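> One structure, pasted below without further comment.
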Amino acid sequence: MNYTLHQLQIFLEIVAKKSITKASEALFLTQPAVSIQLKKFQEQFPLPLTEVLGRQLYITPFGEEIALAAQRILDEVEDIAYTTAQYQGRLAGKLAISVVSTGKYLMPYYLSGFVNQHPGIDFSMDVTNKQQVVRDLEENKVDFALVSVLPEHLALHTVPLLQNSLYLVGGTEREKQRKGRKERIFTEQPLLYREPGSATRNAMEAFIKANDFPVSRKIALTSNEALKQSVIAGLGYSIMPLIGIKDAVDRGEITIISYKGLPIHTQWNLVSLKNKKLSPVAKAFLEYLDIHTTSINEKYFNWIYTSVASSS
């Protein structure tokens with residue numbers, strides 16, 4: 001066997017993408033270059049790693065086994081680099097975090113100082129929906145997750161970061177033209193929701209149910225950004241976290257509408273499985289947050305508490 005680490009990386013990308021074209025795009029290589037490396041890698045095995053049926057590339061069962069071995073090899077190579085850095089007195093390793101979509105507006109601020117202090121750290125932040133975040137925790141795919149509502153069926157270690165406040169909002173142009181009492185927003189106007197399972201949607205539905213509003217029109221969107229743009233465009237009204245719409249409020253594109261029982265307050269928490277054995281990097285990150293969370297909130301998010309106080 002005379003394969004290279006580069007060939008292992010290319011093969012794993014092909015396995016992940018099930019396409020030479022998509023693998024080449026992900027690796028920023030030309031398609032012929034990827035095809036050549038796959039051919040050279042294949043020549044070292046007596047059994048086929050891939051097969052093409054029609055126009056679709058498939059990974060053979062043998063190829064899947066080789067992919068698992070290739071991933072283990074590359075993981076060991078990374079560990080060598082991390083061990084070397086640690087012997088040189090530097091913190092090194094991986095940090096993986098899964099973040100609900102609205103959390104993308106705050107998690108980078110808690111990460112940046114830590115990661116910049118320790119350039120030997122490789123970190124990944126997957127921004128996804130709440131259901132996938134919980135699944136990542138359950139399957140032990142990440143060190144931490146950022147959520148605003150704790151999954152009750154999991155035993156978790158919890159680090160409170162920031163208050164999360166949800167307000168009734170509408171596009172400023174649409175709100176200027178609206179007439180009648182505010183409760184008619186819920187009974188006569190189109191209401192914009194996040195997808196089922198979203199903590200934002202759950203909070204909005206709980207508020208509507210508690211007030212016994214007979215909703216006439218519902219529109220569902222699958223990300224906070226899509227929801228924000230739809231509100232700005234005047235498609236309807238929603239209850240949204242302030243953290244994700246501040247820029248649009250500041251520009252006058254979205255209007256916050258005061259209403260009894262609003263805003264709804266929850267808490268942003270960084271969580272990990274209680275029985276998870278944390279890596280040195282994960283432990284160091286918790287120590288960093290213990291020291292710096294207050295100063296980060298004061299520097300970047302003091303406006304949230306000002307908004308909350310003024311709305312009370």
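The chains in the structure tokens are called A, B, ... from first to last as shown; in each chain the residues are counted from 1, and the ligands are counted from 1 in the order shown.
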Identify, on the basis of only C-alpha atoms, every residue whose closest approach to stretch 12-17 of chain A does not exceed 12 Å; exclude the query and any residue fewer than 3 positions from it along the same chain; express the result as a compact mmCIF listing (two decimals) with all heavy atoms, in the first residue's frame.


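Saved the output as around.txt:
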```txt
# COMPACT_ATOMS: atom_id res chain seq x y z
N LEU A 5 -2.07 10.68 2.38
CA LEU A 5 -3.12 11.29 3.19
C LEU A 5 -4.06 12.11 2.31
O LEU A 5 -5.27 12.17 2.55
CB LEU A 5 -2.50 12.18 4.27
CG LEU A 5 -1.64 11.46 5.32
CD1 LEU A 5 -1.05 12.48 6.29
CD2 LEU A 5 -2.46 10.42 6.08
N HIS A 6 -3.49 12.73 1.29
CA HIS A 6 -4.30 13.53 0.36
C HIS A 6 -5.34 12.65 -0.33
O HIS A 6 -6.51 13.03 -0.49
CB HIS A 6 -3.39 14.20 -0.66
CG HIS A 6 -4.10 15.15 -1.58
ND1 HIS A 6 -4.92 16.16 -1.12
CD2 HIS A 6 -4.11 15.24 -2.95
CE1 HIS A 6 -5.39 16.84 -2.15
NE2 HIS A 6 -4.94 16.29 -3.26
N GLN A 7 -4.94 11.45 -0.73
CA GLN A 7 -5.87 10.53 -1.37
C GLN A 7 -6.97 10.09 -0.41
O GLN A 7 -8.14 9.95 -0.79
CB GLN A 7 -5.12 9.31 -1.92
CG GLN A 7 -4.28 9.62 -3.14
CD GLN A 7 -3.37 8.47 -3.53
OE1 GLN A 7 -3.21 7.51 -2.80
NE2 GLN A 7 -2.76 8.57 -4.71
N LEU A 8 -6.62 9.87 0.85
CA LEU A 8 -7.62 9.51 1.85
C LEU A 8 -8.64 10.63 2.01
O LEU A 8 -9.85 10.37 2.10
CB LEU A 8 -6.95 9.22 3.19
CG LEU A 8 -6.02 8.00 3.26
CD1 LEU A 8 -5.45 7.88 4.68
CD2 LEU A 8 -6.74 6.72 2.87
N GLN A 9 -8.16 11.86 2.07
CA GLN A 9 -9.06 13.00 2.22
C GLN A 9 -10.00 13.11 1.02
O GLN A 9 -11.20 13.36 1.17
CB GLN A 9 -8.24 14.28 2.38
CG GLN A 9 -7.49 14.35 3.70
CD GLN A 9 -6.46 15.46 3.72
OE1 GLN A 9 -5.97 15.90 2.68
NE2 GLN A 9 -6.12 15.92 4.92
N ILE A 20 -18.14 12.94 -7.71
CA ILE A 20 -16.80 13.49 -7.94
C ILE A 20 -16.88 14.99 -8.16
O ILE A 20 -16.04 15.75 -7.68
CB ILE A 20 -16.14 12.77 -9.15
CG1 ILE A 20 -15.82 11.32 -8.77
CG2 ILE A 20 -14.88 13.51 -9.59
CD1 ILE A 20 -15.25 10.50 -9.91
N THR A 21 -17.92 15.42 -8.86
CA THR A 21 -18.08 16.85 -9.13
C THR A 21 -18.25 17.63 -7.83
O THR A 21 -17.58 18.64 -7.59
CB THR A 21 -19.28 17.10 -10.04
OG1 THR A 21 -19.08 16.41 -11.28
CG2 THR A 21 -19.47 18.59 -10.31
N LYS A 22 -19.16 17.15 -6.97
CA LYS A 22 -19.41 17.85 -5.70
C LYS A 22 -18.19 17.77 -4.78
O LYS A 22 -17.89 18.71 -4.04
CB LYS A 22 -20.64 17.27 -5.01
CG LYS A 22 -21.94 17.57 -5.75
CD LYS A 22 -23.13 16.96 -5.03
CE LYS A 22 -24.42 17.26 -5.78
NZ LYS A 22 -25.61 16.63 -5.13
N ALA A 23 -17.48 16.64 -4.81
CA ALA A 23 -16.26 16.51 -4.00
C ALA A 23 -15.20 17.49 -4.45
O ALA A 23 -14.53 18.12 -3.63
CB ALA A 23 -15.74 15.08 -4.07
N SER A 24 -15.05 17.64 -5.76
CA SER A 24 -14.06 18.58 -6.28
C SER A 24 -14.39 20.01 -5.88
O SER A 24 -13.50 20.80 -5.55
CB SER A 24 -13.95 18.45 -7.81
OG SER A 24 -15.16 18.85 -8.44
N GLU A 25 -15.68 20.35 -5.90
CA GLU A 25 -16.09 21.70 -5.49
C GLU A 25 -15.79 21.93 -4.01
O GLU A 25 -15.31 23.00 -3.62
CB GLU A 25 -17.59 21.89 -5.76
CG GLU A 25 -17.93 21.92 -7.25
CD GLU A 25 -19.43 21.91 -7.49
OE1 GLU A 25 -20.19 21.73 -6.50
OE2 GLU A 25 -19.85 22.05 -8.66
N ALA A 26 -16.08 20.92 -3.19
CA ALA A 26 -15.85 21.06 -1.74
C ALA A 26 -14.37 21.17 -1.42
O ALA A 26 -13.98 21.85 -0.46
CB ALA A 26 -16.46 19.88 -1.01
N LEU A 27 -13.53 20.51 -2.21
CA LEU A 27 -12.09 20.50 -1.97
C LEU A 27 -11.34 21.60 -2.73
O LEU A 27 -10.13 21.72 -2.60
CB LEU A 27 -11.51 19.13 -2.38
CG LEU A 27 -11.98 17.93 -1.54
CD1 LEU A 27 -11.65 16.63 -2.27
CD2 LEU A 27 -11.33 17.96 -0.17
N PHE A 28 -12.07 22.36 -3.54
CA PHE A 28 -11.48 23.42 -4.36
C PHE A 28 -10.41 22.85 -5.29
O PHE A 28 -9.33 23.42 -5.47
CB PHE A 28 -10.89 24.53 -3.47
CG PHE A 28 -11.90 25.20 -2.60
CD1 PHE A 28 -12.01 24.86 -1.26
CD2 PHE A 28 -12.78 26.15 -3.11
CE1 PHE A 28 -12.97 25.46 -0.44
CE2 PHE A 28 -13.74 26.75 -2.30
CZ PHE A 28 -13.82 26.40 -0.96
N LEU A 29 -10.74 21.71 -5.88
CA LEU A 29 -9.88 21.05 -6.86
C LEU A 29 -10.66 20.88 -8.16
O LEU A 29 -11.88 20.95 -8.18
CB LEU A 29 -9.43 19.68 -6.35
CG LEU A 29 -8.57 19.64 -5.09
CD1 LEU A 29 -8.41 18.20 -4.61
CD2 LEU A 29 -7.21 20.27 -5.34
N GLN A 31 -12.17 18.75 -11.31
CA GLN A 31 -12.76 17.41 -11.38
C GLN A 31 -11.76 16.38 -11.91
O GLN A 31 -11.67 15.28 -11.35
CB GLN A 31 -14.01 17.46 -12.25
CG GLN A 31 -14.78 16.14 -12.26
CD GLN A 31 -16.12 16.27 -12.98
OE1 GLN A 31 -16.71 17.33 -13.03
NE2 GLN A 31 -16.60 15.17 -13.53
N VAL A 34 -9.41 15.28 -9.05
CA VAL A 34 -10.06 14.36 -8.11
C VAL A 34 -10.20 12.98 -8.73
O VAL A 34 -9.94 11.96 -8.07
CB VAL A 34 -11.44 14.91 -7.68
CG1 VAL A 34 -12.22 13.87 -6.88
CG2 VAL A 34 -11.26 16.18 -6.86
N SER A 35 -10.57 12.92 -9.99
CA SER A 35 -10.72 11.63 -10.68
C SER A 35 -9.40 10.88 -10.74
O SER A 35 -9.36 9.65 -10.54
CB SER A 35 -11.27 11.84 -12.09
OG SER A 35 -12.56 12.41 -12.06
N GLN A 37 -6.81 11.16 -8.66
CA GLN A 37 -6.44 10.68 -7.32
C GLN A 37 -7.30 9.49 -6.91
O GLN A 37 -6.82 8.56 -6.26
CB GLN A 37 -6.57 11.80 -6.30
CG GLN A 37 -5.54 12.90 -6.47
CD GLN A 37 -4.11 12.37 -6.41
OE1 GLN A 37 -3.76 11.54 -5.57
NE2 GLN A 37 -3.28 12.85 -7.33
N LEU A 38 -8.59 9.49 -7.28
CA LEU A 38 -9.45 8.34 -6.98
C LEU A 38 -8.95 7.11 -7.73
O LEU A 38 -8.91 6.01 -7.17
CB LEU A 38 -10.90 8.64 -7.36
CG LEU A 38 -11.88 7.47 -7.21
CD1 LEU A 38 -11.95 7.02 -5.75
CD2 LEU A 38 -13.27 7.86 -7.72
N PHE A 41 -5.84 5.78 -6.06
CA PHE A 41 -6.20 5.14 -4.79
C PHE A 41 -6.84 3.78 -5.05
O PHE A 41 -6.51 2.79 -4.40
CB PHE A 41 -7.17 6.06 -4.03
CG PHE A 41 -7.46 5.63 -2.62
CD1 PHE A 41 -6.43 5.45 -1.71
CD2 PHE A 41 -8.77 5.41 -2.20
CE1 PHE A 41 -6.70 5.05 -0.40
CE2 PHE A 41 -9.04 5.03 -0.90
CZ PHE A 41 -8.00 4.85 0.01
N LEU A 49 -13.93 0.19 -5.09
CA LEU A 49 -14.37 1.08 -4.02
C LEU A 49 -15.67 1.77 -4.38
O LEU A 49 -16.47 2.11 -3.50
CB LEU A 49 -13.30 2.13 -3.73
CG LEU A 49 -11.93 1.61 -3.30
CD1 LEU A 49 -10.92 2.75 -3.28
CD2 LEU A 49 -12.01 0.96 -1.93
N THR A 50 -15.86 2.04 -5.67
CA THR A 50 -17.05 2.73 -6.15
C THR A 50 -17.58 2.03 -7.39
O THR A 50 -16.89 1.22 -8.02
CB THR A 50 -16.74 4.20 -6.51
OG1 THR A 50 -15.79 4.22 -7.60
CG2 THR A 50 -16.15 4.94 -5.32
N GLU A 51 -18.81 2.36 -7.73
CA GLU A 51 -19.37 1.89 -8.99
C GLU A 51 -20.37 2.93 -9.49
O GLU A 51 -20.95 3.68 -8.70
CB GLU A 51 -20.05 0.53 -8.83
CG GLU A 51 -21.15 0.49 -7.80
CD GLU A 51 -21.71 -0.91 -7.62
OE1 GLU A 51 -21.31 -1.81 -8.36
OE2 GLU A 51 -22.58 -1.09 -6.74
N GLN A 56 -25.23 7.84 -11.60
CA GLN A 56 -25.05 7.99 -10.17
C GLN A 56 -23.86 7.17 -9.68
O GLN A 56 -23.71 6.00 -10.03
CB GLN A 56 -26.32 7.57 -9.43
CG GLN A 56 -26.23 7.65 -7.93
CD GLN A 56 -26.04 9.08 -7.43
OE1 GLN A 56 -26.75 9.98 -7.87
NE2 GLN A 56 -25.08 9.28 -6.54
N LEU A 57 -23.02 7.81 -8.86
CA LEU A 57 -21.88 7.11 -8.26
C LEU A 57 -22.30 6.51 -6.93
O LEU A 57 -22.92 7.18 -6.09
CB LEU A 57 -20.71 8.08 -8.07
CG LEU A 57 -19.41 7.50 -7.51
CD1 LEU A 57 -18.20 8.17 -8.14
CD2 LEU A 57 -19.34 7.67 -5.98
N TYR A 58 -21.96 5.25 -6.71
CA TYR A 58 -22.26 4.55 -5.46
C TYR A 58 -20.98 4.05 -4.82
O TYR A 58 -20.01 3.72 -5.53
CB TYR A 58 -23.20 3.36 -5.72
CG TYR A 58 -24.57 3.76 -6.20
CD1 TYR A 58 -24.84 3.90 -7.56
CD2 TYR A 58 -25.61 3.99 -5.30
CE1 TYR A 58 -26.10 4.27 -8.01
CE2 TYR A 58 -26.87 4.36 -5.73
CZ TYR A 58 -27.11 4.50 -7.09
OH TYR A 58 -28.36 4.87 -7.53
N ILE A 59 -20.97 3.99 -3.51
CA ILE A 59 -19.83 3.44 -2.78
C ILE A 59 -20.14 1.98 -2.49
O ILE A 59 -21.21 1.65 -1.97
CB ILE A 59 -19.59 4.20 -1.46
CG1 ILE A 59 -19.58 5.71 -1.71
CG2 ILE A 59 -18.29 3.74 -0.81
CD1 ILE A 59 -18.55 6.19 -2.72
N THR A 60 -19.24 1.09 -2.83
CA THR A 60 -19.44 -0.33 -2.59
C THR A 60 -19.32 -0.63 -1.09
O THR A 60 -18.75 0.17 -0.34
CB THR A 60 -18.41 -1.18 -3.35
OG1 THR A 60 -17.11 -0.91 -2.81
CG2 THR A 60 -18.43 -0.86 -4.84
N PRO A 61 -19.84 -1.77 -0.63
CA PRO A 61 -19.65 -2.14 0.78
C PRO A 61 -18.17 -2.17 1.17
O PRO A 61 -17.82 -1.74 2.28
CB PRO A 61 -20.28 -3.54 0.85
CG PRO A 61 -21.33 -3.52 -0.21
CD PRO A 61 -20.74 -2.71 -1.33
N PHE A 62 -17.30 -2.66 0.27
CA PHE A 62 -15.87 -2.64 0.54
C PHE A 62 -15.37 -1.19 0.66
O PHE A 62 -14.57 -0.86 1.56
CB PHE A 62 -15.12 -3.36 -0.58
CG PHE A 62 -13.62 -3.34 -0.41
CD1 PHE A 62 -13.01 -4.03 0.62
CD2 PHE A 62 -12.82 -2.61 -1.30
CE1 PHE A 62 -11.62 -4.00 0.77
CE2 PHE A 62 -11.45 -2.58 -1.15
CZ PHE A 62 -10.85 -3.27 -0.12
N GLY A 63 -15.87 -0.32 -0.23
CA GLY A 63 -15.47 1.08 -0.17
C GLY A 63 -15.90 1.75 1.13
O GLY A 63 -15.16 2.58 1.69
N GLU A 64 -17.08 1.38 1.63
CA GLU A 64 -17.54 1.94 2.91
C GLU A 64 -16.61 1.54 4.04
O GLU A 64 -16.31 2.34 4.94
CB GLU A 64 -18.98 1.45 3.21
CG GLU A 64 -20.04 1.93 2.23
CD GLU A 64 -20.42 3.39 2.44
OE1 GLU A 64 -19.87 4.04 3.35
OE2 GLU A 64 -21.29 3.87 1.68
N GLU A 65 -16.13 0.27 4.02
CA GLU A 65 -15.21 -0.18 5.06
C GLU A 65 -13.88 0.56 4.96
O GLU A 65 -13.28 0.94 5.98
CB GLU A 65 -14.97 -1.69 4.92
CG GLU A 65 -16.18 -2.55 5.27
CD GLU A 65 -16.54 -2.45 6.75
OE1 GLU A 65 -15.63 -2.29 7.58
OE2 GLU A 65 -17.74 -2.53 7.05
N ILE A 66 -13.40 0.78 3.75
CA ILE A 66 -12.15 1.52 3.56
C ILE A 66 -12.31 2.97 4.02
O ILE A 66 -11.40 3.57 4.60
CB ILE A 66 -11.71 1.46 2.08
CG1 ILE A 66 -11.38 0.03 1.67
CG2 ILE A 66 -10.50 2.36 1.83
CD1 ILE A 66 -10.27 -0.62 2.51
N ALA A 67 -13.50 3.54 3.79
CA ALA A 67 -13.76 4.91 4.23
C ALA A 67 -13.67 5.02 5.75
O ALA A 67 -13.13 5.99 6.29
CB ALA A 67 -15.13 5.38 3.74
N LEU A 68 -14.22 4.04 6.46
CA LEU A 68 -14.14 4.05 7.92
C LEU A 68 -12.69 3.98 8.39
O LEU A 68 -12.28 4.70 9.31
CB LEU A 68 -14.93 2.86 8.50
CG LEU A 68 -16.45 2.91 8.34
CD1 LEU A 68 -17.08 1.61 8.83
CD2 LEU A 68 -17.03 4.09 9.10
N ALA A 69 -11.91 3.12 7.72
CA ALA A 69 -10.49 3.02 8.08
C ALA A 69 -9.74 4.30 7.75
O ALA A 69 -8.88 4.76 8.51
CB ALA A 69 -9.85 1.83 7.33
N ALA A 70 -10.09 4.92 6.62
CA ALA A 70 -9.44 6.18 6.22
C ALA A 70 -9.73 7.27 7.23
O ALA A 70 -8.84 8.06 7.58
CB ALA A 70 -9.93 6.59 4.83
N GLN A 71 -10.98 7.32 7.73
CA GLN A 71 -11.32 8.33 8.72
C GLN A 71 -10.52 8.12 10.01
O GLN A 71 -10.06 9.09 10.62
CB GLN A 71 -12.81 8.28 9.02
CG GLN A 71 -13.30 9.41 9.92
CD GLN A 71 -13.09 10.77 9.31
OE1 GLN A 71 -13.70 11.10 8.29
NE2 GLN A 71 -12.22 11.59 9.90
N ARG A 72 -10.35 6.86 10.41
CA ARG A 72 -9.56 6.58 11.61
C ARG A 72 -8.12 7.02 11.44
O ARG A 72 -7.50 7.58 12.35
CB ARG A 72 -9.62 5.08 11.95
CG ARG A 72 -10.97 4.63 12.49
CD ARG A 72 -10.87 3.26 13.14
NE ARG A 72 -10.53 2.23 12.16
CZ ARG A 72 -11.43 1.51 11.49
NH1 ARG A 72 -12.72 1.72 11.67
NH2 ARG A 72 -11.04 0.58 10.64
N ILE A 73 -7.57 6.80 10.25
CA ILE A 73 -6.19 7.20 9.98
C ILE A 73 -6.04 8.71 10.06
O ILE A 73 -5.12 9.23 10.71
CB ILE A 73 -5.74 6.69 8.59
CG1 ILE A 73 -5.63 5.17 8.59
CG2 ILE A 73 -4.41 7.32 8.18
CD1 ILE A 73 -5.45 4.56 7.21
N LEU A 74 -6.95 9.43 9.43
CA LEU A 74 -6.88 10.90 9.45
C LEU A 74 -7.10 11.45 10.85
O LEU A 74 -6.49 12.45 11.23
CB LEU A 74 -7.89 11.48 8.47
CG LEU A 74 -7.60 11.21 6.98
CD1 LEU A 74 -8.72 11.75 6.11
CD2 LEU A 74 -6.27 11.82 6.56
```

> Mind listing the strand (DSSP E or B) residues of stretch 78-282 of chain A, per DSSP on the backbone, as number ranges by chain?

A: 92-100, 120-128, 144-147, 156-171, 190-194, 217-221, 237-241, 254-257, 264-273

> Which residues are close to A:Lys218, i.e. within 7 Å by only C-alpha atoms, leaving aside same-chain residues fewer than 6 positions away? Reply as a list in words.

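The filter keeps Pro190, Leu191 and Leu192 of chain A.
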
> Quick one: residues within 10 Å of A:His265, only C-alpha atoms counted, chain neighbours fewer than 4 positions away excluded, as number ranges by chain?

A: 148, 163-167, 203, 241, 308

> Could you check the closest approach to A:Ser124 for each of A:His292, A:Lys94, A:Lys274, A:Arg184 and tell me which residue wins, using only C-alpha atoms?

A:Lys94

> Just checking: using only C-alpha atoms, which residue out of A:Glu188, A:Glu287, A:Glu138, A:Asp143 ends up closest to A:Phe123?

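Among the listed residues, the smallest separation from A:Phe123 belongs to A:Asp143.
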
> May I have a table of the residues of stretch 81-199 of chain A lying at most 12 Å from stretch 206-209 of chain A, giving each one's closest pair of atoms and their distance in Å to one decimal, counting only C-alpha atoms, ordered by chain and ascending residue number, as JSON lines?


```
{"residue": "A:Leu166", "atom": "CA", "partner": "A:Phe207", "partner_atom": "CA", "distance": 10.8}
{"residue": "A:Tyr167", "atom": "CA", "partner": "A:Phe207", "partner_atom": "CA", "distance": 11.1}
{"residue": "A:Leu168", "atom": "CA", "partner": "A:Phe207", "partner_atom": "CA", "distance": 10.6}
{"residue": "A:Glu183", "atom": "CA", "partner": "A:Ile208", "partner_atom": "CA", "distance": 10.4}
{"residue": "A:Ile185", "atom": "CA", "partner": "A:Ile208", "partner_atom": "CA", "distance": 11.1}
{"residue": "A:Phe186", "atom": "CA", "partner": "A:Ile208", "partner_atom": "CA", "distance": 7.8}
{"residue": "A:Thr187", "atom": "CA", "partner": "A:Ile208", "partner_atom": "CA", "distance": 9.8}
{"residue": "A:Leu191", "atom": "CA", "partner": "A:Ile208", "partner_atom": "CA", "distance": 10.7}
{"residue": "A:Tyr193", "atom": "CA", "partner": "A:Ile208", "partner_atom": "CA", "distance": 11.7}
{"residue": "A:Ala199", "atom": "CA", "partner": "A:Ala206", "partner_atom": "CA", "distance": 10.5}
```

> Which residues in stretch 61-244 of chain A does DSSP call helix (DSSP H, G or I)? List them as an MDAnalysis selection string.

chainID A and resid 61:87 101:105 107:117 130:138 172:177 184:188 199:210 224:233 242:244

> What would the file look like if the residues just selected were written as a CSV table (one decimal), in the first residue's frame with C-alpha atoms?


```
chain,number,residue,atom,x,y,z
A,61,PRO,CA,-19.6,-2.1,0.8
A,62,PHE,CA,-15.9,-2.6,0.5
A,63,GLY,CA,-15.5,1.1,-0.2
A,64,GLU,CA,-17.5,1.9,2.9
A,65,GLU,CA,-15.2,-0.2,5.1
A,66,ILE,CA,-12.1,1.5,3.6
A,67,ALA,CA,-13.8,4.9,4.2
A,68,LEU,CA,-14.1,4.0,7.9
A,69,ALA,CA,-10.5,3.0,8.1
A,70,ALA,CA,-9.4,6.2,6.2
A,71,GLN,CA,-11.3,8.3,8.7
A,72,ARG,CA,-9.6,6.6,11.6
A,73,ILE,CA,-6.2,7.2,10.0
A,74,LEU,CA,-6.9,10.9,9.4
A,75,ASP,CA,-8.2,11.2,13.0
A,76,GLU,CA,-4.9,9.7,14.3
A,77,VAL,CA,-2.9,12.2,12.2
A,78,GLU,CA,-4.9,15.0,13.7
A,79,ASP,CA,-4.2,13.6,17.2
A,80,ILE,CA,-0.5,13.6,16.5
A,81,ALA,CA,-0.6,17.3,15.6
A,82,TYR,CA,-2.7,18.0,18.8
A,83,THR,CA,-0.3,16.0,21.0
A,84,THR,CA,2.7,17.8,19.6
A,85,ALA,CA,1.0,21.2,20.3
A,86,GLN,CA,0.2,20.1,23.8
A,87,TYR,CA,3.8,19.0,24.5
A,101,SER,CA,-30.6,28.8,14.0
A,102,THR,CA,-31.3,31.9,16.0
A,103,GLY,CA,-28.2,31.1,18.2
A,104,LYS,CA,-25.9,32.0,15.3
A,105,TYR,CA,-26.4,35.7,16.3
A,107,MET,CA,-22.5,32.0,19.8
A,108,PRO,CA,-19.6,33.5,17.8
A,109,TYR,CA,-19.2,36.2,20.4
A,110,TYR,CA,-18.6,33.6,23.1
A,111,LEU,CA,-16.2,31.6,20.9
A,112,SER,CA,-14.0,34.3,19.3
A,113,GLY,CA,-11.9,35.3,22.3
A,114,PHE,CA,-11.3,31.6,23.3
A,115,VAL,CA,-10.4,30.4,19.8
A,116,ASN,CA,-8.2,33.4,19.1
A,117,GLN,CA,-6.3,32.7,22.4
A,130,LYS,CA,-33.7,22.3,17.3
A,131,GLN,CA,-34.6,18.7,16.5
A,132,GLN,CA,-31.2,18.1,14.9
A,133,VAL,CA,-29.4,19.9,17.7
A,134,VAL,CA,-31.0,17.5,20.3
A,135,ARG,CA,-30.2,14.6,18.0
A,136,ASP,CA,-26.5,15.7,17.9
A,137,LEU,CA,-26.5,15.7,21.7
A,138,GLU,CA,-28.2,12.4,22.0
A,172,THR,CA,-43.0,48.6,9.5
A,173,GLU,CA,-44.8,49.4,6.2
A,174,ARG,CA,-47.5,46.9,6.9
A,175,GLU,CA,-47.9,48.1,10.5
A,176,LYS,CA,-48.4,51.7,9.3
A,177,GLN,CA,-51.4,50.6,7.3
A,184,ARG,CA,-57.0,41.4,15.6
A,185,ILE,CA,-53.4,40.9,14.5
A,186,PHE,CA,-53.8,37.3,15.8
A,187,THR,CA,-57.3,36.7,14.5
A,188,GLU,CA,-57.3,38.4,11.1
A,199,ALA,CA,-38.5,26.6,20.2
A,200,THR,CA,-39.6,30.0,18.7
A,201,ARG,CA,-42.7,28.3,17.2
A,202,ASN,CA,-43.5,26.5,20.4
A,203,ALA,CA,-43.4,29.8,22.4
A,204,MET,CA,-45.6,31.5,19.8
A,205,GLU,CA,-48.2,28.7,19.8
A,206,ALA,CA,-48.3,28.5,23.6
A,207,PHE,CA,-49.0,32.3,23.8
A,208,ILE,CA,-51.7,32.1,21.2
A,209,LYS,CA,-53.3,29.0,22.9
A,210,ALA,CA,-53.2,30.7,26.3
A,224,ASN,CA,-35.1,32.7,11.5
A,225,GLU,CA,-33.6,34.6,8.6
A,226,ALA,CA,-36.4,33.6,6.2
A,227,LEU,CA,-38.9,34.6,8.9
A,228,LYS,CA,-37.3,38.0,9.4
A,229,GLN,CA,-37.2,38.8,5.7
A,230,SER,CA,-40.8,37.7,5.3
A,231,VAL,CA,-41.8,40.1,8.2
A,232,ILE,CA,-39.9,42.9,6.6
A,233,ALA,CA,-41.5,42.2,3.3
A,242,LEU,CA,-35.0,40.2,19.6
A,243,ILE,CA,-31.5,38.8,19.1
A,244,GLY,CA,-32.3,37.9,15.5
```

> Hey, can you check how far atom CA of A:Leu91 sits from atom CA of A:Ile121?

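Atom CA of A:Leu91 sits 7.0 Å away from atom CA of A:Ile121.
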
> Return as CSV the residues of stretch 182-270 of chain A lying at most 9 Å from stretch 153-162 of chain A, together with the closest atom-to-atom pair for each and the distance in Å to one decimal, counting only C-alpha atoms, with rows in chain order and ascending residue number.


```
residue,atom,partner,partner_atom,distance
A:Thr266,CA,A:Leu162,CA,9.0
A:Gln267,CA,A:Leu162,CA,6.0
A:Trp268,CA,A:Leu162,CA,5.1
A:Asn269,CA,A:Pro160,CA,4.5
A:Leu270,CA,A:Val159,CA,5.1
```

> Go ahead and save the residues from that selection, with C-alpha atoms, as a JSON list (two decimals), in the first residue's frame.


```
[["chain", "number", "residue", "atom", "x", "y", "z"],
["A", 266, "THR", "CA", -36.47, 32.31, 28.00],
["A", 267, "GLN", "CA", -32.76, 31.65, 28.52],
["A", 268, "TRP", "CA", -29.94, 30.83, 26.12],
["A", 269, "ASN", "CA", -28.01, 27.90, 27.57],
["A", 270, "LEU", "CA", -24.87, 26.08, 26.49]]
```

> So how many Å separate atom CA of A:Asp126 and atom CA of A:Phe144, to one decimal?

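That distance, rounded to one decimal, is 10.7 Å.
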
> Please identify all polymer residues within 7 Å of A:Ile254, counting only C-alpha atoms, omitting same-chain residues fewer than 4 positions from it, and present them as an mmCIF file with N, CA, C and O atoms, in the first residue's frame.


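Produced file around18.cif, reproduced below:
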```cif
data_model
loop_
_atom_site.group_PDB
_atom_site.id
_atom_site.type_symbol
_atom_site.label_atom_id
_atom_site.label_comp_id
_atom_site.auth_asym_id
_atom_site.auth_seq_id
_atom_site.Cartn_x
_atom_site.Cartn_y
_atom_site.Cartn_z
ATOM 1 N N VAL A 169 -43.971 41.240 16.416
ATOM 2 C CA VAL A 169 -43.359 42.147 15.440
ATOM 3 C C VAL A 169 -44.116 42.106 14.118
ATOM 4 O O VAL A 169 -44.783 41.124 13.773
ATOM 5 N N GLY A 170 -43.980 43.198 13.370
ATOM 6 C CA GLY A 170 -44.535 43.279 12.029
ATOM 7 C C GLY A 170 -43.662 44.160 11.161
ATOM 8 O O GLY A 170 -42.868 44.971 11.673
ATOM 9 N N GLY A 171 -43.772 44.000 9.868
ATOM 10 C CA GLY A 171 -43.062 44.886 8.964
ATOM 11 C C GLY A 171 -43.553 46.316 9.147
ATOM 12 O O GLY A 171 -44.758 46.554 9.263
ATOM 13 N N THR A 172 -42.640 47.261 9.185
ATOM 14 C CA THR A 172 -43.010 48.645 9.490
ATOM 15 C C THR A 172 -44.024 49.193 8.493
ATOM 16 O O THR A 172 -44.996 49.863 8.892
ATOM 17 N N ILE A 232 -40.273 41.648 7.219
ATOM 18 C CA ILE A 232 -39.878 42.918 6.602
ATOM 19 C C ILE A 232 -40.672 43.166 5.325
ATOM 20 O O ILE A 232 -41.132 44.283 5.065
ATOM 21 N N ALA A 248 -32.761 44.863 11.869
ATOM 22 C CA ALA A 248 -33.930 45.316 11.111
ATOM 23 C C ALA A 248 -34.752 46.319 11.910
ATOM 24 O O ALA A 248 -35.330 47.254 11.340
ATOM 25 N N VAL A 249 -34.807 46.161 13.225
ATOM 26 C CA VAL A 249 -35.496 47.128 14.077
ATOM 27 C C VAL A 249 -34.761 48.463 14.046
ATOM 28 O O VAL A 249 -35.365 49.532 13.905
#
```
